file coords.cif (mmCIF, C-alpha atoms)
data_coords
loop_
_atom_site.label_atom_id
_atom_site.label_comp_id
_atom_site.auth_asym_id
_atom_site.auth_seq_id
_atom_site.Cartn_x
_atom_site.Cartn_y
_atom_site.Cartn_z
CA PHE A 88 -3.47 23.21 2.70
CA ALA A 89 -1.92 19.92 1.52
CA GLN A 90 1.18 21.77 0.31
CA ASN A 91 1.58 23.46 3.71
CA PHE A 92 1.04 20.39 5.92
CA HIS A 93 3.02 17.15 6.05
CA ALA A 94 3.21 14.34 8.59
CA GLY A 95 5.60 11.44 8.98
CA LEU A 96 7.54 8.99 11.11
CA LYS A 97 11.11 9.15 12.36
CA GLY A 98 13.60 7.25 14.46
CA GLY A 99 17.23 7.36 15.45
CA VAL A 100 19.87 7.27 18.14
CA ASN A 101 20.22 9.34 21.33
CA ILE A 102 23.67 10.09 22.73
CA PHE A 103 22.87 11.49 26.18
CA LYS A 104 24.23 11.99 29.66
CA ILE A 105 22.90 13.37 32.92
CA ASP A 106 24.96 16.27 34.26
CA GLY A 107 25.57 16.12 38.00
CA GLN A 108 28.36 14.87 40.23
CA SER A 109 26.34 11.72 41.00
CA PHE A 110 26.63 10.55 37.39
CA LYS A 111 29.53 9.50 35.18
CA ASP A 112 30.58 12.32 32.89
CA GLU A 113 30.16 10.28 29.74
CA PHE A 114 27.59 9.97 27.00
CA ASP A 115 25.65 6.72 26.53
CA TYR A 116 23.39 5.48 23.76
CA GLY A 117 19.62 5.13 23.60
CA TYR A 118 17.04 5.54 20.88
CA ASN A 119 14.22 7.80 19.72
CA LEU A 120 11.12 6.88 17.75
CA GLY A 121 7.98 8.83 16.91
CA ALA A 122 5.92 11.02 14.62
CA PHE A 123 6.19 14.59 13.36
CA ALA A 124 4.07 17.15 11.53
CA GLU A 125 5.35 20.04 9.41
CA ILE A 126 3.21 23.15 9.12
CA LYS A 127 4.53 25.77 6.71
CA LEU A 128 3.68 29.35 7.65
CA SER A 129 5.60 30.78 4.69
CA LYS A 130 8.17 29.56 2.18
CA ALA A 131 11.01 29.82 4.73
CA ILE A 132 9.26 29.53 8.13
CA GLY A 133 7.24 26.75 9.70
CA ILE A 134 6.57 24.87 12.90
CA GLN A 135 7.20 21.20 13.56
CA PRO A 136 5.42 19.57 16.50
CA GLU A 137 6.55 16.04 17.34
CA VAL A 138 5.72 13.21 19.71
CA LEU A 139 8.72 10.96 20.43
CA TRP A 140 9.64 8.04 22.64
CA ASN A 141 13.16 8.76 23.92
CA GLN A 142 15.33 6.32 25.84
CA GLN A 143 18.36 7.63 27.75
CA GLN A 144 20.94 5.61 29.66
CA THR A 145 23.66 6.59 32.11
CA ARG A 146 25.57 5.31 35.15
CA THR A 147 25.95 6.66 38.65
CA THR A 148 29.41 7.17 40.16
CA THR A 149 30.77 6.34 43.57
CA ALA A 150 30.07 10.00 44.45
CA PHE A 151 26.39 9.00 44.58
CA LYS A 152 27.08 7.30 47.94
CA ASP A 153 28.94 10.38 49.24
CA ILE A 154 26.03 12.68 48.36
CA TYR A 155 23.12 10.37 49.18
CA ASP A 156 24.21 8.27 52.14
CA ASP A 157 21.91 5.32 51.58
CA GLY A 158 24.45 2.49 51.43
CA ILE A 159 24.65 2.36 47.64
CA GLY A 160 28.25 2.86 46.57
CA GLU A 161 28.63 0.74 43.47
CA LEU A 162 27.98 1.86 39.92
CA LYS A 163 24.37 1.49 38.86
CA ASP A 164 22.97 1.54 35.36
CA VAL A 165 20.10 3.98 34.93
CA LYS A 166 17.62 3.83 32.04
CA LEU A 167 15.05 6.60 31.59
CA ASN A 168 12.20 6.50 29.06
CA TYR A 169 10.52 9.78 28.19
CA LEU A 170 7.54 10.66 26.05
CA THR A 171 8.79 13.97 24.63
CA ILE A 172 6.87 16.70 22.86
CA PRO A 173 9.15 19.12 20.98
CA LEU A 174 7.65 22.22 19.37
CA LEU A 175 10.20 23.45 16.85
CA LEU A 176 10.50 26.58 14.77
CA ASN A 177 11.75 25.59 11.30
CA LEU A 178 13.83 28.11 9.37
CA SER A 179 14.52 26.94 5.80
CA PRO A 180 16.99 29.05 3.81
CA SER A 181 16.62 26.49 0.98
CA LYS A 182 14.35 23.58 0.16
CA ALA A 183 17.03 21.06 1.18
CA LEU A 184 18.11 22.63 4.50
CA THR A 185 16.16 23.45 7.66
CA PHE A 186 17.45 24.90 10.94
CA GLN A 187 15.38 23.99 14.00
CA VAL A 188 15.07 25.51 17.45
CA GLY A 189 12.49 25.24 20.20
CA PRO A 190 11.39 23.85 23.55
CA GLN A 191 10.73 20.23 24.42
CA PHE A 192 8.69 18.89 27.33
CA GLY A 193 9.43 15.35 28.47
CA ILE A 194 7.18 13.14 30.57
CA LEU A 195 9.05 10.38 32.41
CA ILE A 196 7.25 7.13 31.57
CA ASN A 197 9.34 4.66 33.56
CA LYS A 198 12.64 4.71 35.35
CA ASP A 199 15.07 2.41 37.05
CA GLU A 200 13.16 1.79 40.28
CA SER A 201 16.19 0.14 41.92
CA LEU A 202 18.31 3.30 41.95
CA LEU A 203 17.34 4.07 45.53
CA ARG A 204 16.19 1.75 48.29
CA ASN A 205 12.67 1.70 49.69
CA GLY A 206 11.15 2.59 46.30
CA LYS A 207 12.05 6.29 46.53
CA ASP A 208 11.60 8.16 43.28
CA ALA A 209 14.91 9.60 42.15
CA PHE A 210 13.73 11.48 39.06
CA LYS A 211 11.08 14.13 38.57
CA LYS A 212 8.16 13.23 36.32
CA GLY A 213 8.81 16.07 33.87
CA ASP A 214 11.77 17.62 32.06
CA LEU A 215 11.90 20.90 30.13
CA SER A 216 14.64 21.16 27.49
CA MET A 217 15.74 23.39 24.63
CA LEU A 218 16.70 21.97 21.24
CA GLY A 219 18.70 23.26 18.31
CA GLY A 220 19.67 21.44 15.16
CA VAL A 221 19.75 21.02 11.43
CA GLN A 222 17.72 18.81 9.10
CA LEU A 223 18.35 17.80 5.49
CA ASN A 224 15.22 17.44 3.37
CA LEU A 225 15.72 14.98 0.54
CA SER A 226 12.32 14.86 -1.12
CA GLY A 227 10.16 13.01 1.43
CA ILE A 228 13.15 11.77 3.47
CA LYS A 229 14.45 13.71 6.49
CA VAL A 230 17.91 13.28 8.04
CA GLY A 231 19.04 15.42 10.93
CA GLY A 232 20.83 16.05 14.16
CA ARG A 233 20.04 18.08 17.28
CA TYR A 234 21.59 19.18 20.49
CA VAL A 235 19.31 18.95 23.54
CA VAL A 236 20.06 20.78 26.79
CA GLY A 237 17.94 20.29 29.89
CA LEU A 238 16.67 23.45 31.55
CA SER A 239 15.09 21.83 34.60
CA ASN A 240 16.59 19.93 37.51
CA ILE A 241 15.33 16.33 37.25
CA ASN A 242 16.60 15.32 40.73
CA ASP A 243 13.57 14.42 42.85
CA ILE A 244 15.51 13.31 45.94
CA GLU A 245 16.70 16.65 47.29
CA ASN A 246 18.66 19.64 46.07
CA ARG A 247 22.17 18.62 47.11
CA ASP A 248 23.04 17.79 43.50
CA GLU A 249 21.29 19.13 40.39
CA TRP A 250 20.76 16.72 37.51
CA ARG A 251 20.14 17.88 33.94
CA ASN A 252 19.76 15.92 30.71
CA GLN A 253 21.90 16.85 27.75
CA GLY A 254 22.91 15.20 24.54
CA PHE A 255 22.55 14.67 20.82
CA GLN A 256 19.83 13.12 18.71
CA LEU A 257 20.53 11.75 15.24
CA TYR A 258 17.54 10.64 13.20
CA ALA A 259 16.08 9.71 9.84
CA GLY A 260 12.44 9.93 8.87
CA PHE A 261 10.03 10.04 6.01
CA ARG A 262 6.84 11.89 5.17
CA LEU A 263 3.63 9.89 4.93
CA LEU A 264 1.43 12.82 3.90
#

call {"tool": "encode", "arguments": {"input": "coords.cif", "output": "structure tokens"}}
result
Amino acid sequence: FAQNFHAGLKGGVNIFKIDGQSFKDEFDYGYNLGAFAEIKLSKAIGIQPEVLWNQQQTRTTTAFKDIYDDGIGELKDVKLNYLTIPLLLNLSPSKALTFQVGPQFGILINKDESLLRNGKDAFKKGDLSMLGGVQLNLSGIKVGGRYVVGLSNINDIENRDEWRNQGFQLYAGFRLL
């Protein structure tokens, strides 16, 4: 069992944006930090559940005022912190290379409460995404990159404008077990 199970820690940078006409069409930086487990089902196939803290940042545009007539017309910084739980299928054509694909569920931990007046919640509490990426396995060290695309609309105001997370994660990690 010890040869088929490994656990470790990882961290890195997020390069994300929120798609939607209310937000600037540019990527901004955040970070990711968490733990992972690797469970080998065969020599080339395994699963990798993770628990990560992900920070994403973006800015609204002046179109936000046009869509949501609440008197806010200036650019506002938005910072979202998610506890994310990816469940990845690992496909390893060699010991050093792993391709990853799978779903990720994100739970919004805190958000920029000042985005809308009167304490309205602007963002839904959950986010479902799909991930795809590649990981290099250098002994007990992991280095990788992923593309994340949001499948769910995270706009909790109304459905005039759909908002979806998307971006890249770059990370490094190491096995503890």

call {"tool": "residues_around", "arguments": {"input": "coords.cif", "residues": "Phe123 (chain A)", "least_positions_apart": "6", "cutoff": "7 Å", "atoms": "only C-alpha atoms", "output": "list of chain:residue names"}}
result
A:Ala94, A:Gly95, A:Leu96, A:Gln135, A:Pro136, A:Glu137, A:Val138

call {"tool": "resolve_selection", "arguments": {"input": "coords.cif", "expression": "the PyMOL selection byres ((chain A and resi 186) around 8)", "output": "JSON, numbers by chain"}}
result
{"A": [177, 178, 179, 184, 185, 187, 188, 219, 220, 221, 222]}

call {"tool": "closest_residue", "arguments": {"input": "coords.cif", "among": "A:Phe210, A:Trp140, A:Trp250, A:Tyr258", "to": "Lys104 (chain A)", "atoms": "all atoms listed in the file"}}
result
A:Trp250

call {"tool": "atom_distance", "arguments": {"input": "coords.cif", "atom1": "CA of Leu238 (chain A)", "atom2": "CA of Pro173 (chain A)"}}
result
13.7 Å

call {"tool": "residues_around", "arguments": {"input": "coords.cif", "residues": "Ser239 (chain A)", "least_positions_apart": "5", "cutoff": "7 Å", "atoms": "only C-alpha atoms", "output": "PDB file with C-alpha atoms, in the coordinates of the input"}}
result
ATOM      1  CA  ASP A 214      11.770  17.620  32.060  1.00  0.00           C
ATOM      2  CA  LEU A 215      11.900  20.900  30.130  1.00  0.00           C
ATOM      3  CA  ARG A 251      20.140  17.880  33.940  1.00  0.00           C
TER       4      ARG A 251
END

call {"tool": "atom_distance", "arguments": {"input": "coords.cif", "atom1": "CA of Lys97 (chain A)", "atom2": "CA of Asn240 (chain A)"}}
result
27.9 Å
